[in-house]
Structure formats: structure tokens, C-alpha cells
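Heads up: the structure comes next, in C-alpha cells.
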Amino acid sequence: MLYFTRWKAAAIVLTALVVCLFAVPNFIPSHVVDTWPKWAQRHLVLGLDLQGGSHILLEVDSNAVRKEKLETTRDDVRRVLRDARVGYTGLAIRGSSVEVRIREENSVGQALTKLRELSVPLGGLLGGSGQRSLDITSDGTLIRLTVTDAAMLERIRQSVDQSIQIIERRVNELGTVEPLIQRQGNDRILVQVPGLQDPSRLKELLGKTAKLDFRMVDVNNQVDQAVQGRVPSDDDLLYSTSQPKTPYLVEKRVLVSGGDLTDAQPGFDQRTSEPIVSFRFNTSGARKFAQVTQENVGKPFAIVLDNEVISAPVIREPILGGSGQISGSFTVQSANDLAILLRAGALPAPLTIIEERTVGPGLGADSIAKGKMSSYVGATLVIVFMLVTYGLFGLFANVAVAINVAMIFGVLSLLNATLTLPGIAGIVLTVGIAVDSNVLIYERIREEVRGGRSPINAIDAGFSRALATILDSNITTFIAAAVLFYIGTGPVRGFAVTLGIGIITTVFTAFTVTRLMVATWVRWRRPQRVPI
């Protein structure tokens, strides 16, 4: 155990040195680090509790999801019956069901056969249980399609998954570092953005569904009559985003949707120098937009965002290039925010903010100060204890622990991990675990000396026989850290990450670095007694 070849000793020193060097950027001003190569700019990211930031808990509007599911089912029923040439009447949503009455009684069987194709088995774990998306019943010529609870839960889960992806794109467009976006429960999403002190812009970006539609303005009916309550069945009464609010009578039929957009960028109008948003369609959207503008030259069309009219320009000429621009009393920031929303895509359902917290930088600095103080006090007590108890070997252990902590920071920096206050607690705990490994080795050496072995044999046997015990204790702790990481969230994961990395570096330093230092000392001094 005390014999090291030159290449093995060099490999140990080089490994420890390289890993420790990755921690260096954390202690150098950022403007200096920015001039380094990209691969060398890795550093720790401080979590929300250490540098402050915004914490927002969002909830998916389950009623909106239910309404959208029922409307989709109603449209599917209309399409299926028309394709099958089955006459019907009274197609409507009532409660949590869609009802339709078949005109001729002898067509009910054909209608049921076609409509049952809409009821599909639910995927995932529920698929094996035989649950389906719709319960279909009939009472004479009346057919009722009810969305099952399992299908609704599945749709809410899908909405949350889609919302998380869209929120990630929106938040990342803000240029923030290491945002935390994750599911909480069945219908909630947690968003934490370290370093963002003003959450108002974040809330504005997250709160908008960003559903963009291009629709024609109805010029054949009077807007004044619609304002008084007489809205045609094929139209919607919408208002402008600008002040004062201007009413528009807009056709319900969507000509082109925001889903056909491939890009949106803020810019300035070359003629008026006003902020605008330029957009570009995909192939399908460009074709539809070209057809619409060709057929409606001279007519106004509305650009609708979340049921508000951004602008309603008149089509002067066909737009065949698949691109255009949106103008409408934008500021530079509002144009940029709209471009972010359009690039990220529309949320599948509205999100409601149910909890909001802002952690100030002062509180974060106080947390860092307390974390440093606890680390300094703990490290000092450990160093003093090891020196008093084990003398020179205690010094070896202290050097190994210092290398261990530096390696932890190096690995965390290499991973661009986020350091939280529980993460600091994990590092402090790792110091105790690392010292505990050295204590086991040294106490084993003492036992071997008392048993009559020579100093060199006692040291060799101490390292050899303590190995199994140390591995057992560290493996069980590592398993606990892995479980915490798997089932935990946020700060708990931060603690688990630092603890798990610390255990790996502890085993490395205890059985390579400490042993190498002791072996070098033994070869140099050839001791007649063990100085512990």
C-alpha cells in the first residue's frame, strides 16, 4: 500500500491539480475570466438563496384545459358526422359532455360506429387498464360524449409538460443564468430565476398565453351594434391593446395561426423609426398567408394576440414572401418581449400565479456570509482537532481535506452546477466525512502498533485494513445522497449533489493523496516510531 511507481504518483498529483484548477475561475473577477477560452470559463452559479432573485409558482388553468378539450371534441364530432354524411342537429357542449341529436333514427347506429373511433385508449400506464378518452352513450337519437376523468388528467399533464418547455424558452431568452423550471404536483410549475430582482417583466412574459391569430375584420356588420350586444354568430367582438380601447368585429375563422411562425425579431420601421416586430412563416403558413392577402386586397385584417387586436392594417397588395411585420404603438422593450413570446410559442393553457417571492441580494449576501462563517468555524475546529490528536499525520490529513474541498469546487465548476445554502452545508458535512476516513486509518495504525508491528508495517496495514470499512460507510452515504437527488427538488438536490461529489473526492484523497504523502514521508525519514 505504501509503494507508488513514478507514473502512478504523477497521475495522482496531476489529477488532483487539474480538478482543483477548475475551481480557480470562481476566485477571479468575471471581466478577466471572460477573456479566457470558453472551455476555461466554467464556474459555480450561485442559487436563488445566495444571490437573490425571483421565485414564482404557476398553476395551469384546468378549467381552460377542460374547455379546450370539450371544444376539440365538439369539432371532431362535427367533422366525423359530416364526413359520414349523417344528418344531425343540436350539437353543443353541456356540462362536461358534448351532445348531438341524429336527425334520422336509422342513422344512429352508423353515427355511433363513427363516433366511437374518437374514443381512444389512454397511453402510458393507464393504457393497460382499459381506460379510454371518451364515454359514449345514446338515448334514442341523442348521443352524449363525456370526457373521462383519466383523459382530463392526461391532458392537464401534457399541458404542464408543454408549458415547461415554452417557459424554458421564454426565460432563456431573457439571458438569465441557470433558471430552475420544474413541475410541482399535477398542475403546477415552479420557476426560480437567480439574479433577477424585478419580477414584473418575468411575470408579464409568463402570464401571457401568446396565442397569435391572423383573422379578417368583418366590414359587413356594424361594430356599434356588436358593442350593444348584437354580435353575429360568426364573429368575435375584440378590443385593441392601445389606449383608448378600440372595438373590432373580427371573424372567428382563423386564417393563419401563430403556430406557423418560424421566427420573430424586434426591429425598427425604416420610414417612421417606430419599434416593430418582424415575423416569418414556415412553408405552409407562407402559402396560406399569400392566398389570404391575394383574395382580400383592400380589406382590413386583424393581428390578434390573446384575444386582443395588436393592429388591423389594410391589405394593400398580396404578401407573397412569407414574411411581414407587426406595428402598433410598441416601445423597444414591448417589441422585444412580443418577439420573445412569438419565438417561444403559445402556451397550451393560461397560467395563474399563485405564489410569488423576491429574494433580495442583501438577504443572499447574508446567507453567503453565514455560510462562510459556519465553514470557517467548522474547518478551524477540524484542523485543530486533527493537529492536537495526530500531530504530523494530522497535518497530512488537513492538507488532504483542503485538496478535497478544492476538488469539490473544481468538479462543481466543471459541471456549471448551482451552489445553494444547503449545498454549502453538504460541503461542510463532507469535511467531517473526509476527516472521519483519516481517523479510521490512523486509529487502525495505532492498533497495529500496539499489536507489536514495526512502524512501516503498521502504517501499511492501517491503510489496507481500513479500506473496507471506509468504502462501506461512504457507499451507504452515497446511496442516501443518490436517493435524495432522485426524489428531492431544488435545495435538497443541491445538498445531495455536493454530498455525492464530496464522497467521491473523499475516497480519492483518503486513499491516494493522504497515502502518497505518508508514503513519501516514510521513504524520506524511515521512522522508528509512528508520530500519532
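In the C-alpha cells, chains take letters A, B, ... by order of appearance, with residues numbered from 1 within each chain and ligands from 1 in the order shown.
All residues in stretch 333-520 of chain A with a DSSP state of strand (DSSP E or B), computed from the backbone, read Leu351, Thr352, Ile353, Ile354, Glu355, Glu356, Arg357, Thr358, Val359, Thr418 and Leu419 of chain A.
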- Query: If you run DSSP on the backbone, which residues of stretch 75-156 of chain A are helix (DSSP H, G or I), as number ranges by chain?
  - Reply: A: 75-83, 105-118, 124-129, 149-156
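For A:Gly87, the non-local neighbours within 7 Å, defined as residues at least 2 positions apart in the same chain or in other chains and counting only C-alpha atoms, are Arg85, Ile102 and Arg103 of chain A.
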- Task: Would you mind listing what lies within 12 Å of A:Val13 as a list in words, with only C-alpha atoms counted and same-chain residues fewer than 2 positions away left out?
- Result: Phe4, Arg6, Trp7, Lys8, Ala9, Ala10, Ala11, Thr15, Ala16, Leu17, Val18, Val19, Cys20, Ala400, Ile403, Phe508, Thr509, Thr512, Val513, Thr514, Arg515, Leu516 and Met517 of chain A
- Message: Env of stretch 143-150 of chain A: 6 Å cut, atoms = only C-alpha atoms, seq-sep filter 6 positions within chain, self excluded. Answer as a count of residues only.
- Response: 9
- Query: Leaving out A:Lys245 and any residue of its chain fewer than 2 positions from it, which residues lie within 12 Å of it when counting only C-alpha atoms, given as a ChimeraX atom specification?
  - Reply: /A:238-243,247-248,308-311
Hey, can you spit out that residue selection with C-alpha atoms as a PDB file, in the first residue's frame?
```
ATOM      1  CA  LEU A 238     -62.405  42.243 -29.617  1.00  0.00           C
ATOM      2  CA  TYR A 239     -60.653  45.384 -28.417  1.00  0.00           C
ATOM      3  CA  SER A 240     -57.275  46.890 -29.264  1.00  0.00           C
ATOM      4  CA  THR A 241     -54.269  46.780 -26.954  1.00  0.00           C
ATOM      5  CA  SER A 242     -53.668  50.515 -27.354  1.00  0.00           C
ATOM      6  CA  GLN A 243     -55.430  53.223 -25.378  1.00  0.00           C
ATOM      7  CA  PRO A 247     -63.584  47.785 -30.680  1.00  0.00           C
ATOM      8  CA  TYR A 248     -63.207  45.493 -33.697  1.00  0.00           C
ATOM      9  CA  GLU A 308     -56.653  41.494 -28.197  1.00  0.00           C
ATOM     10  CA  VAL A 309     -56.081  43.267 -31.504  1.00  0.00           C
ATOM     11  CA  ILE A 310     -52.483  44.440 -31.813  1.00  0.00           C
ATOM     12  CA  SER A 311     -53.123  46.101 -35.148  1.00  0.00           C
TER      13      SER A 311
END
```
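Closest to A:Gln184 among A:Gly371, A:Gly391, A:Pro350, A:Gly488 is A:Gly488, based on only C-alpha atoms.
For A:Val24, the set of protein, DNA and RNA residues having any atom at most 9 Å away, when counting only C-alpha atoms and skipping those fewer than 2 positions along the same chain, is Cys20, Leu21, Phe22, Asn26, Phe27, Ile28, His43, Phe409 and Gly410 of chain A.
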Mind running stretch 190-229 of chain A against stretch 341-349 of chain A at 7 Å and telling me each contacting residue's nearest atom pair with the distance in Å (one decimal), counting only C-alpha atoms, chain and number ascending, as CSV?
```
residue,atom,partner,partner_atom,distance
A:Thr209,CA,A:Leu347,CA,4.9
A:Ala210,CA,A:Ala346,CA,4.7
A:Lys211,CA,A:Ala346,CA,5.0
```
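With only C-alpha atoms as the basis for measurement, A:Leu249 is the residue among A:Val65, A:Leu202, A:Leu249, A:Ala425 that approaches A:Gly229 most closely.
Ranking A:Asn474, A:Phe485, A:Pro199, A:Pro318 by their shortest atom-to-atom distance to A:Ser54, with only C-alpha atoms included, puts A:Pro199 first.
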- Item | Pick from A:Thr72, A:Ser30, A:Ser464, A:Gln51 nearest to A:Val359, counting only C-alpha atoms | A:Gln51
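With only C-alpha atoms as the basis for measurement, A:Leu206 is the residue among A:Leu206, A:Asp235, A:Val33, A:Arg188 that approaches A:Glu168 most closely.
Atom pair atom CA of A:Leu112 / atom CA of A:Ser138 has a distance of 8.2 Å (rounded to one decimal).
Here atom CA of A:Ser273 stands at a distance of 17.7 Å from atom CA of A:Leu338.
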